[in-house]
Every structure is written in structure tokens, then in C-alpha cells.
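Colleague: A single structure is presented below for examination.
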Amino acid sequence: MKMLSKTLCLALPILFVISCKAPVNGQGQEEEIKDQAATVKVYVASRGVYQYLLEMTLADGQQMHCWPEPLPEEMKADGKSVMVSGTLLKETVMVKKPGPTDQPEDDFAVRKLLISSITEN
């Protein structure tokens, strides 16, 4: 038992250090987005509750979802192509999904995008 507790005491700090890594692709930093093509995606949280995200492909080919604020009513259509500029914030928002009792549950986190301009593409 003592051997196991000593092993855990040594292993846990090492695992913690290994799991702490630098942000990838600028995550965690504010960045400006200028004239970025995006597609509006609708995610259902529960009956009658919809969340609107922007899906975009970055210069490195990576796909990214973000939470647009504010998103004008006329842009709230699934699959709508838009051109957007703004500031990608450090702050994240949890996207919800319907749970077994139709109560929203956490699904995945996305970064907020403070929109300065958005037009239909």
C-alpha cells in the first residue's frame, strides 16, 4: 500500500506537468478576423431553443466554430454563407445539446466572436 501511494505521489505531479501545454493555433489569445468566409450553423439545445454558430475554415485548413455576437436576425438561417470581420475573444461559450429529458446538456465549447461587420456572401 505504501509503495502504491509513493508511486501516485510521484506520478501525479508529472502527469499534471505533461497535461499543461501551450495553446495551439492561437487559442486563448484575442485575434482579429478580417473578411472571413463562414457558414451559419444551427444547433438545437432543446425544443424551440436554437444556438447559432459560425463555421469557418482558417488559413491553415483547420475548421473552427465560434459563437457570433451579435448575430442579426436576417443571418439566422442554417447553411447561410456570410463574410464576417471581428475579434475572436478568449472567452468561450458552452454549446448545449438536448438531454434525455429534453433539458439542455453541455456538448462542446467554442470561442466568442465579437462581430464588427457581417454580410451575406
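Order determines the names: the first chain of the C-alpha cells is A, the second B, and so forth; residues in each chain are numbered 1 upward, and ligands are numbered 1 upward as they are shown.
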Which polymer residues have any atom within 8 Å of an atom of His65 of chain A, counting only C-alpha atoms, with same-chain residues fewer than 3 positions away left out, as a ChimeraX atom specification?

Modeller: /A:53-56,110-111

Colleague: Pick out each residue of segment 33-80 of chain A that DSSP on the backbone tags as strand (DSSP E or B); I need them as a short mmCIF file (atom, residue, chain, number, x, y, z; two decimals) with C-alpha atoms, in the first residue's frame.

Modeller:
data_model
loop_
_atom_site.label_atom_id
_atom_site.label_comp_id
_atom_site.auth_asym_id
_atom_site.auth_seq_id
_atom_site.Cartn_x
_atom_site.Cartn_y
_atom_site.Cartn_z
CA ILE A 33 -10.60 38.25 -38.23
CA LYS A 34 -10.99 40.23 -41.45
CA ASP A 35 -13.32 39.30 -44.34
CA GLN A 36 -13.50 35.63 -43.38
CA ALA A 37 -15.93 33.39 -45.27
CA ALA A 38 -18.16 31.43 -42.89
CA THR A 39 -21.34 29.37 -42.81
CA VAL A 40 -24.11 29.77 -40.23
CA LYS A 41 -24.83 26.50 -38.42
CA VAL A 42 -27.87 25.93 -36.20
CA TYR A 43 -27.57 23.69 -33.13
CA VAL A 44 -30.67 22.65 -31.17
CA ALA A 45 -30.35 22.90 -27.38
CA SER A 46 -33.90 21.68 -26.64
CA VAL A 49 -34.17 26.64 -28.30
CA TYR A 50 -31.63 27.22 -31.05
CA GLN A 51 -27.97 28.26 -30.98
CA TYR A 52 -26.30 29.87 -33.99
CA LEU A 53 -22.62 29.28 -34.64
CA LEU A 54 -20.30 30.30 -37.45
CA GLU A 55 -18.23 27.58 -39.09
CA MET A 56 -15.13 28.76 -40.91
CA THR A 57 -12.02 27.27 -42.46
CA GLN A 63 -12.18 24.11 -39.35
CA MET A 64 -13.38 26.22 -36.45
CA HIS A 65 -16.74 27.03 -34.88
CA CYS A 66 -17.35 30.27 -33.00
CA TRP A 67 -20.23 31.94 -31.16
CA PRO A 68 -21.11 35.17 -33.03
CA GLU A 69 -22.22 38.23 -31.06
#

Colleague: Would you mind telling me which residue in A:Pro70, A:Arg47, A:Ala77, A:Glu30 lies nearest to Asp102 of chain A when using only C-alpha atoms?

Modeller: A:Arg47

Colleague: With distances taken over only C-alpha atoms, which of A:Pro98, A:Gly61, A:Pro72, A:Gly79 is nearest to Ser117 of chain A?

Modeller: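 Of A:Pro98, A:Gly61, A:Pro72, A:Gly79, the one nearest Ser117 of chain A, counting only C-alpha atoms, is A:Pro72.
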
Colleague: Mind pulling up the distance from atom CA of Leu88 of chain A to atom CA of Ile115 of chain A?

Modeller: 8.5 Å

Colleague: Of the residues A:Gly99, A:Thr119, A:Gly48, A:Val93, which is the one nearest to Ser81 of chain A, using only C-alpha atoms?

Modeller: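 Checking each candidate against Ser81 of chain A, we get A:Thr119 as the closest.
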
Colleague: List every residue of segment 13-108 of chain A that DSSP, applied to the backbone of this structure, assigns to helix (DSSP H, G or I), and report them as a list of chain:residue names.

Modeller: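 Restricting segment 13-108 of chain A to helix (DSSP H, G or I) produces A:Pro13, A:Ile14, A:Leu15, A:Phe16, A:Val17, A:Ile18, A:Ser19, A:Glu73, A:Glu74, A:Met75.
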
Colleague: Taking into account only C-alpha atoms, which residue in the set A:Leu58, A:Met75, A:Lys80, A:Glu91 is nearest to Leu114 of chain A?

Modeller: A:Glu91

Colleague: Between atom CA of Ala59 of chain A and atom CA of Glu31 of chain A, what is the distance, to one decimal in Å?

Modeller: 13.5 Å

Colleague: Of the residues A:Thr101, A:Val82, A:Glu32, A:Glu73, which is the one nearest to Glu120 of chain A, using only C-alpha atoms?

Modeller: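 Nearest to Glu120 of chain A: A:Val82.
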